[in-house]
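Asks: Input file: upload.csv. Contents: CSV, C-alpha atoms.
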```csv
chain,number,residue,atom,x,y,z
G,48,MET,CA,-9.7,8.6,23.1
G,49,PRO,CA,-6.1,9.0,23.3
G,50,LEU,CA,-4.0,9.9,20.4
G,51,SER,CA,-1.6,7.2,19.1
G,52,SER,CA,1.9,7.8,19.4
G,53,VAL,CA,4.3,7.8,16.6
G,54,SER,CA,5.7,4.5,17.7
G,55,ASP,CA,2.2,2.9,17.4
G,56,PHE,CA,1.9,4.3,13.9
G,57,GLU,CA,5.4,3.0,13.0
G,58,ARG,CA,4.5,-0.4,14.4
G,59,PHE,CA,1.2,-0.3,12.4
G,60,ALA,CA,3.1,0.7,9.2
G,61,LEU,CA,5.8,-2.0,9.8
G,62,LYS,CA,3.1,-4.6,10.4
G,63,ASN,CA,1.3,-3.6,7.2
G,64,LYS,CA,4.6,-3.6,5.2
G,65,LYS,CA,5.3,-7.1,6.5
G,66,ARG,CA,1.8,-8.2,5.6
G,67,ILE,CA,2.0,-6.6,2.1
G,68,ALA,CA,5.5,-8.0,1.6
G,69,ALA,CA,4.3,-11.5,2.6
G,70,LYS,CA,1.3,-11.2,0.2
G,71,VAL,CA,3.7,-10.0,-2.6
G,72,LYS,CA,6.1,-12.8,-1.8
G,73,LYS,CA,3.2,-15.3,-1.9
G,74,SER,CA,1.9,-13.8,-5.2
G,75,GLU,CA,5.4,-14.0,-6.7
G,76,ASP,CA,5.8,-17.6,-5.5
G,77,ASP,CA,2.4,-18.5,-6.9
G,78,ALA,CA,3.2,-16.8,-10.2
G,79,SER,CA,6.6,-18.5,-10.4
G,80,ALA,CA,5.0,-21.9,-9.6
G,81,TYR,CA,2.3,-21.2,-12.2
G,82,ALA,CA,4.9,-20.2,-14.8
G,83,LEU,CA,7.0,-23.3,-14.1
G,84,GLN,CA,3.8,-25.5,-14.3
G,85,LYS,CA,2.9,-23.8,-17.7
G,86,GLU,CA,6.4,-24.1,-18.9
G,87,ALA,CA,6.5,-27.9,-18.0
G,88,GLU,CA,3.1,-28.4,-19.7
G,89,ALA,CA,4.3,-26.5,-22.8
G,90,GLN,CA,7.5,-28.6,-22.8
G,91,LEU,CA,5.5,-31.8,-22.5
G,92,GLU,CA,3.2,-30.7,-25.3
G,93,ILE,CA,6.2,-29.9,-27.5
G,94,GLU,CA,7.6,-33.4,-26.8
G,95,ASN,CA,4.3,-35.0,-27.6
G,96,TRP,CA,4.0,-33.0,-30.8
G,97,LEU,CA,7.6,-33.9,-31.8
G,98,GLN,CA,6.9,-37.6,-31.0
G,99,ARG,CA,3.7,-37.6,-33.1
G,100,SER,CA,5.6,-35.8,-35.9
G,101,ARG,CA,8.4,-38.4,-35.8
G,102,THR,CA,5.9,-41.3,-35.8
G,103,GLU,CA,4.0,-39.8,-38.7
G,104,TRP,CA,7.2,-39.1,-40.6
G,105,LYS,CA,8.4,-42.7,-40.0
G,106,GLN,CA,5.0,-44.1,-41.2
G,107,ALA,CA,5.1,-41.9,-44.3
G,108,LEU,CA,8.7,-42.9,-45.0
G,109,SER,CA,7.8,-46.6,-44.5
G,110,ALA,CA,4.8,-46.3,-46.8
G,111,ARG,CA,6.9,-44.6,-49.5
G,112,GLN,CA,9.6,-47.3,-49.2
G,113,LYS,CA,7.0,-50.1,-49.4
G,114,ARG,CA,5.4,-48.5,-52.5
G,115,GLY,CA,8.9,-48.2,-54.0
G,116,GLU,CA,9.8,-51.8,-53.1
G,117,LYS,CA,6.4,-53.0,-54.5
G,118,ALA,CA,7.0,-51.0,-57.8
G,119,ILE,CA,10.4,-52.6,-58.1
G,120,SER,CA,9.1,-56.0,-57.3
G,121,ASP,CA,6.3,-55.6,-59.8
G,122,GLU,CA,8.7,-54.5,-62.5
G,123,VAL,CA,11.0,-57.4,-61.8
G,124,LYS,CA,8.1,-59.8,-61.9
G,125,ARG,CA,6.9,-58.4,-65.2
G,126,GLY,CA,10.5,-58.7,-66.6
G,127,TRP,CA,10.8,-62.2,-65.2
G,128,SER,CA,7.4,-63.2,-66.7
G,129,VAL,CA,8.4,-61.9,-70.1
G,130,TYR,CA,11.8,-63.6,-70.0
G,131,THR,CA,10.4,-67.0,-68.9
G,132,LYS,CA,7.6,-66.8,-71.5
G,133,GLU,CA,10.2,-66.0,-74.3
G,134,ARG,CA,12.5,-68.7,-73.0
G,135,LYS,CA,9.7,-71.3,-72.7
G,136,THR,CA,8.5,-70.4,-76.2
G,137,ALA,CA,12.0,-70.9,-77.6
G,138,LEU,CA,12.4,-74.2,-75.8
G,139,GLU,CA,9.1,-75.4,-77.0
G,140,ALA,CA,10.0,-74.5,-80.6
G,141,ALA,CA,13.3,-76.3,-80.3
G,142,LEU,CA,11.6,-79.3,-78.7
G,143,LYS,CA,8.9,-79.3,-81.5
G,144,VAL,CA,11.6,-79.5,-84.2
G,145,ARG,CA,13.3,-82.4,-82.5
G,146,LEU,CA,10.0,-84.2,-81.8
G,147,ASP,CA,8.9,-83.7,-85.4
G,148,GLU,CA,12.1,-85.4,-86.5
G,149,ALA,CA,11.6,-88.3,-84.0
G,150,PHE,CA,7.8,-88.6,-84.3
G,151,PRO,CA,7.7,-91.5,-86.8
G,152,THR,CA,9.8,-93.6,-84.3
G,153,LEU,CA,7.8,-92.4,-81.3
G,154,ALA,CA,4.5,-93.2,-83.2
G,155,ALA,CA,5.7,-96.7,-83.9
G,156,CYS,CA,6.5,-97.2,-80.2
G,157,PHE,CA,3.1,-95.8,-79.2
G,158,ILE,CA,1.3,-98.1,-81.6
G,159,GLU,CA,3.3,-101.1,-80.3
G,160,TRP,CA,2.5,-100.1,-76.7
G,161,VAL,CA,-1.2,-99.9,-77.5
G,162,SER,CA,-1.1,-103.3,-79.3
G,163,ARG,CA,0.4,-104.9,-76.2
G,164,ASN,CA,-2.0,-103.4,-73.7
G,165,TYR,CA,-5.3,-103.4,-75.6
G,166,GLU,CA,-7.1,-106.1,-77.5
G,167,THR,CA,-9.5,-104.0,-79.6
G,168,GLY,CA,-10.1,-100.4,-80.5
G,169,VAL,CA,-9.9,-97.9,-83.2
G,170,PHE,CA,-6.8,-96.0,-84.5
G,171,THR,CA,-7.3,-92.7,-86.3
G,172,MET,CA,-4.0,-91.7,-87.9
G,173,PRO,CA,-2.2,-90.6,-91.1
G,174,ARG,CA,-1.7,-93.2,-93.9
G,175,ALA,CA,2.0,-93.3,-93.3
G,176,TYR,CA,1.6,-95.0,-89.9
G,177,ALA,CA,-1.1,-97.5,-91.0
G,178,PRO,CA,1.3,-100.4,-91.8
G,179,SER,CA,2.3,-100.5,-88.1
G,180,VAL,CA,-1.3,-101.4,-87.0
G,181,ASN,CA,-2.4,-105.0,-86.7
G,182,ARG,CA,-5.7,-104.7,-88.6
G,183,ALA,CA,-7.0,-108.0,-87.3
G,184,MET,CA,-7.2,-106.5,-83.7
G,185,PHE,CA,-7.8,-102.8,-84.4
G,186,ASP,CA,-10.0,-100.8,-86.8
G,187,LEU,CA,-8.2,-98.1,-88.7
G,188,LEU,CA,-9.4,-94.6,-89.8
G,189,GLU,CA,-7.2,-92.4,-91.8
G,190,CYS,CA,-6.8,-88.6,-91.2
G,191,GLU,CA,-4.8,-85.8,-92.6
G,192,ASN,CA,-3.4,-84.2,-89.5
G,193,GLU,CA,-0.2,-85.5,-87.8
G,194,GLN,CA,-1.7,-87.1,-84.8
G,195,ILE,CA,-2.6,-90.6,-83.7
G,196,VAL,CA,-5.8,-91.1,-81.7
G,197,PHE,CA,-6.7,-94.5,-80.1
G,198,THR,CA,-10.2,-95.1,-78.8
G,199,SER,CA,-11.6,-98.1,-77.1
G,200,GLY,CA,-15.0,-97.8,-75.3
G,201,ASN,CA,-14.7,-94.7,-73.0
G,202,LEU,CA,-10.9,-94.6,-73.5
G,203,TYR,CA,-9.4,-91.8,-75.7
G,204,ILE,CA,-5.7,-91.4,-76.1
G,205,GLU,CA,-4.3,-88.7,-78.4
G,206,TYR,CA,-0.6,-88.9,-79.4
G,207,SER,CA,0.9,-86.0,-81.3
G,208,VAL,CA,3.8,-83.6,-81.1
G,209,GLU,CA,1.6,-80.8,-79.7
G,210,ARG,CA,0.1,-83.1,-77.1
G,211,ILE,CA,3.6,-84.2,-76.0
G,212,ILE,CA,4.7,-80.6,-75.6
G,213,GLU,CA,1.5,-79.8,-73.8
G,214,GLU,CA,2.1,-82.7,-71.3
G,215,LEU,CA,5.7,-81.6,-70.8
G,216,ALA,CA,4.9,-77.8,-70.4
G,217,ASP,CA,5.3,-77.8,-66.6
G,218,ASP,CA,8.5,-79.9,-66.8
G,219,ILE,CA,9.9,-77.5,-69.4
G,220,VAL,CA,9.5,-74.5,-67.1
G,221,SER,CA,10.8,-76.3,-64.0
G,222,CYS,CA,13.9,-77.6,-65.9
G,223,MET,CA,14.9,-74.3,-67.5
G,224,CYS,CA,18.4,-73.4,-66.6
G,225,PHE,CA,18.8,-69.8,-65.5
G,226,GLU,CA,22.5,-69.5,-64.8
G,227,GLU,CA,22.8,-66.3,-66.8
G,228,ALA,CA,20.0,-63.8,-66.3
G,229,PRO,CA,20.1,-61.4,-69.2
G,230,TRP,CA,16.5,-60.3,-68.4
G,231,GLN,CA,17.9,-58.4,-65.4
G,232,GLY,CA,20.2,-56.2,-67.3
```
Kindly transcribe the structure held in the file into structure tokens.
Replies:
Amino acid sequence: MPLSSVSDFERFALKNKKRIAAKVKKSEDDASAYALQKEAEAQLEIENWLQRSRTEWKQALSARQKRGEKAISDEVKRGWSVYTKERKTALEAALKVRLDEAFPTLAACFIEWVSRNYETGVFTMPRAYAPSVNRAMFDLLECENEQIVFTSGNLYIEYSVERIIEELADDIVSCMCFEEAPWQG
């Protein structure tokens, strides 16, 4: 077997250098591509994490705001309820005073109305209103409390200051004027 010449060895060495250089270049390219891929994945993961964090933060903030708004709303409702109750009580007391003053006239009107609309029945009332009743048509029972009750068969009509106020309770609330709102301050 003949011995190789130096040029054959150099060609062999050059060929190996090129092959090794190509493998190194391919390894570098693969490593670079892998690094870029991992960097892109990491960046995407960071973006996803930031988006989830933003969403969670917004939800937590929204929940805190809703709790705060509800607390304020509840406090306003409580204040409003107290204010309207006080106002209604004051209006009912003032109305009661006026109705107490006008009740004898109102009672006479009620007795007159019953007398025109019914032919028989029983009145239960204080002695002071008895002269207004036609005893030929109606029976009369006296009582101590300040109310007039008319019964005829299954019909029962109670007429008193308290009953008038009770009947007007919803109208009293709906007619309250709230131009000034001291309950807010």
Asks: When you draw a straight line from CA of Glu92 (chain G) to CA of Arg111 (chain G), how long is it in Å?
Replies: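 So the answer is 28.2 Å.
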Asks: By how many Å are CA of Ile195 (chain G) and CA of Thr171 (chain G) apart?
Replies: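 About the pair CA of Ile195 (chain G) and CA of Thr171 (chain G): they are 5.8 Å apart.
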Asks: Can you pull out every residue within 10 Å of Ile204 (chain G), counting all atoms listed in the file, but drop anything in the same chain fewer than 6 positions away, and send it as a list in words?
Replies: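 Here the answer would be Val161, Phe170, Ile195, Val196, Phe197 and Thr198 of chain G.
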Asks: Closest to Val169 (chain G) among G:Ser207, G:Gln106, G:Ser221, G:Asn201, using all atoms listed in the file?
Replies: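 Counting all atoms listed in the file, the residue closest to Val169 (chain G) is G:Asn201.
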Asks: Please report the interatomic distance between CA of Glu166 (chain G) and CA of Met184 (chain G) in Å with one decimal.
Replies: 6.2 Å
Asks: Would you mind listing what lies within 12 Å of Val220 (chain G) as a PyMOL selection string, with all atoms listed in the file counted and same-chain residues fewer than 5 positions away left out?
Replies: chain G and resi 128+130-139+212-215+225
Asks: Within 10 Å of (3.0, -97.4, -82.2) (file coordinates; only C-alpha atoms), which protein or nucleic acid residues are there? I'd like them as a VMD selection string.
Replies: chain G and resid 151 to 163 176 to 177 179 to 180 195 206
Asks: Assuming the input is short of atoms at region 108-127 of chain G, produce N, CA and C atoms for that part as a PDB file, in the coordinates of the input.
Replies:
```
ATOM      1  N   LEU G 108       7.447 -42.415 -44.414  1.00  0.00           N
ATOM      2  CA  LEU G 108       8.700 -42.900 -45.000  1.00  0.00           C
ATOM      3  C   LEU G 108       8.535 -44.425 -45.314  1.00  0.00           C
ATOM      4  N   SER G 109       8.026 -45.154 -44.335  1.00  0.00           N
ATOM      5  CA  SER G 109       7.800 -46.600 -44.500  1.00  0.00           C
ATOM      6  C   SER G 109       6.866 -46.892 -45.638  1.00  0.00           C
ATOM      7  N   ALA G 110       5.788 -46.130 -45.705  1.00  0.00           N
ATOM      8  CA  ALA G 110       4.800 -46.300 -46.800  1.00  0.00           C
ATOM      9  C   ALA G 110       5.437 -46.043 -48.139  1.00  0.00           C
ATOM     10  N   ARG G 111       6.234 -44.958 -48.234  1.00  0.00           N
ATOM     11  CA  ARG G 111       6.900 -44.600 -49.500  1.00  0.00           C
ATOM     12  C   ARG G 111       7.889 -45.744 -49.877  1.00  0.00           C
ATOM     13  N   GLN G 112       8.617 -46.263 -48.881  1.00  0.00           N
ATOM     14  CA  GLN G 112       9.600 -47.300 -49.200  1.00  0.00           C
ATOM     15  C   GLN G 112       8.837 -48.586 -49.638  1.00  0.00           C
ATOM     16  N   LYS G 113       7.714 -48.912 -48.983  1.00  0.00           N
ATOM     17  CA  LYS G 113       7.000 -50.100 -49.400  1.00  0.00           C
ATOM     18  C   LYS G 113       6.415 -49.927 -50.806  1.00  0.00           C
ATOM     19  N   ARG G 114       5.918 -48.715 -51.123  1.00  0.00           N
ATOM     20  CA  ARG G 114       5.400 -48.500 -52.500  1.00  0.00           C
ATOM     21  C   ARG G 114       6.565 -48.610 -53.481  1.00  0.00           C
ATOM     22  N   GLY G 115       7.734 -48.088 -53.118  1.00  0.00           N
ATOM     23  CA  GLY G 115       8.900 -48.200 -54.000  1.00  0.00           C
ATOM     24  C   GLY G 115       9.334 -49.639 -54.167  1.00  0.00           C
ATOM     25  N   GLU G 116       9.369 -50.382 -53.057  1.00  0.00           N
ATOM     26  CA  GLU G 116       9.800 -51.800 -53.100  1.00  0.00           C
ATOM     27  C   GLU G 116       8.738 -52.580 -53.951  1.00  0.00           C
ATOM     28  N   LYS G 117       7.454 -52.268 -53.781  1.00  0.00           N
ATOM     29  CA  LYS G 117       6.400 -53.000 -54.500  1.00  0.00           C
ATOM     30  C   LYS G 117       6.555 -52.653 -56.018  1.00  0.00           C
ATOM     31  N   ALA G 118       6.826 -51.393 -56.344  1.00  0.00           N
ATOM     32  CA  ALA G 118       7.000 -51.000 -57.800  1.00  0.00           C
ATOM     33  C   ALA G 118       8.169 -51.768 -58.362  1.00  0.00           C
ATOM     34  N   ILE G 119       9.268 -51.832 -57.614  1.00  0.00           N
ATOM     35  CA  ILE G 119      10.400 -52.600 -58.100  1.00  0.00           C
ATOM     36  C   ILE G 119      10.118 -54.038 -58.244  1.00  0.00           C
ATOM     37  N   SER G 120       9.466 -54.593 -57.237  1.00  0.00           N
ATOM     38  CA  SER G 120       9.100 -56.000 -57.300  1.00  0.00           C
ATOM     39  C   SER G 120       8.173 -56.303 -58.453  1.00  0.00           C
ATOM     40  N   ASP G 121       7.195 -55.434 -58.674  1.00  0.00           N
ATOM     41  CA  ASP G 121       6.300 -55.600 -59.800  1.00  0.00           C
ATOM     42  C   ASP G 121       7.020 -55.560 -61.129  1.00  0.00           C
ATOM     43  N   GLU G 122       7.951 -54.618 -61.236  1.00  0.00           N
ATOM     44  CA  GLU G 122       8.700 -54.500 -62.500  1.00  0.00           C
ATOM     45  C   GLU G 122       9.586 -55.729 -62.703  1.00  0.00           C
ATOM     46  N   VAL G 123      10.212 -56.229 -61.639  1.00  0.00           N
ATOM     47  CA  VAL G 123      11.000 -57.400 -61.800  1.00  0.00           C
ATOM     48  C   VAL G 123      10.150 -58.628 -62.146  1.00  0.00           C
ATOM     49  N   LYS G 124       8.973 -58.736 -61.524  1.00  0.00           N
ATOM     50  CA  LYS G 124       8.100 -59.800 -61.900  1.00  0.00           C
ATOM     51  C   LYS G 124       7.626 -59.765 -63.319  1.00  0.00           C
ATOM     52  N   ARG G 125       7.321 -58.547 -63.796  1.00  0.00           N
ATOM     53  CA  ARG G 125       6.900 -58.400 -65.200  1.00  0.00           C
ATOM     54  C   ARG G 125       8.081 -58.815 -66.112  1.00  0.00           C
ATOM     55  N   GLY G 126       9.286 -58.342 -65.791  1.00  0.00           N
ATOM     56  CA  GLY G 126      10.500 -58.700 -66.600  1.00  0.00           C
ATOM     57  C   GLY G 126      10.700 -60.208 -66.556  1.00  0.00           C
ATOM     58  N   TRP G 127      10.577 -60.796 -65.380  1.00  0.00           N
ATOM     59  CA  TRP G 127      10.800 -62.200 -65.200  1.00  0.00           C
ATOM     60  C   TRP G 127       9.729 -63.011 -66.039  1.00  0.00           C
TER      61      TRP G 127
END
```
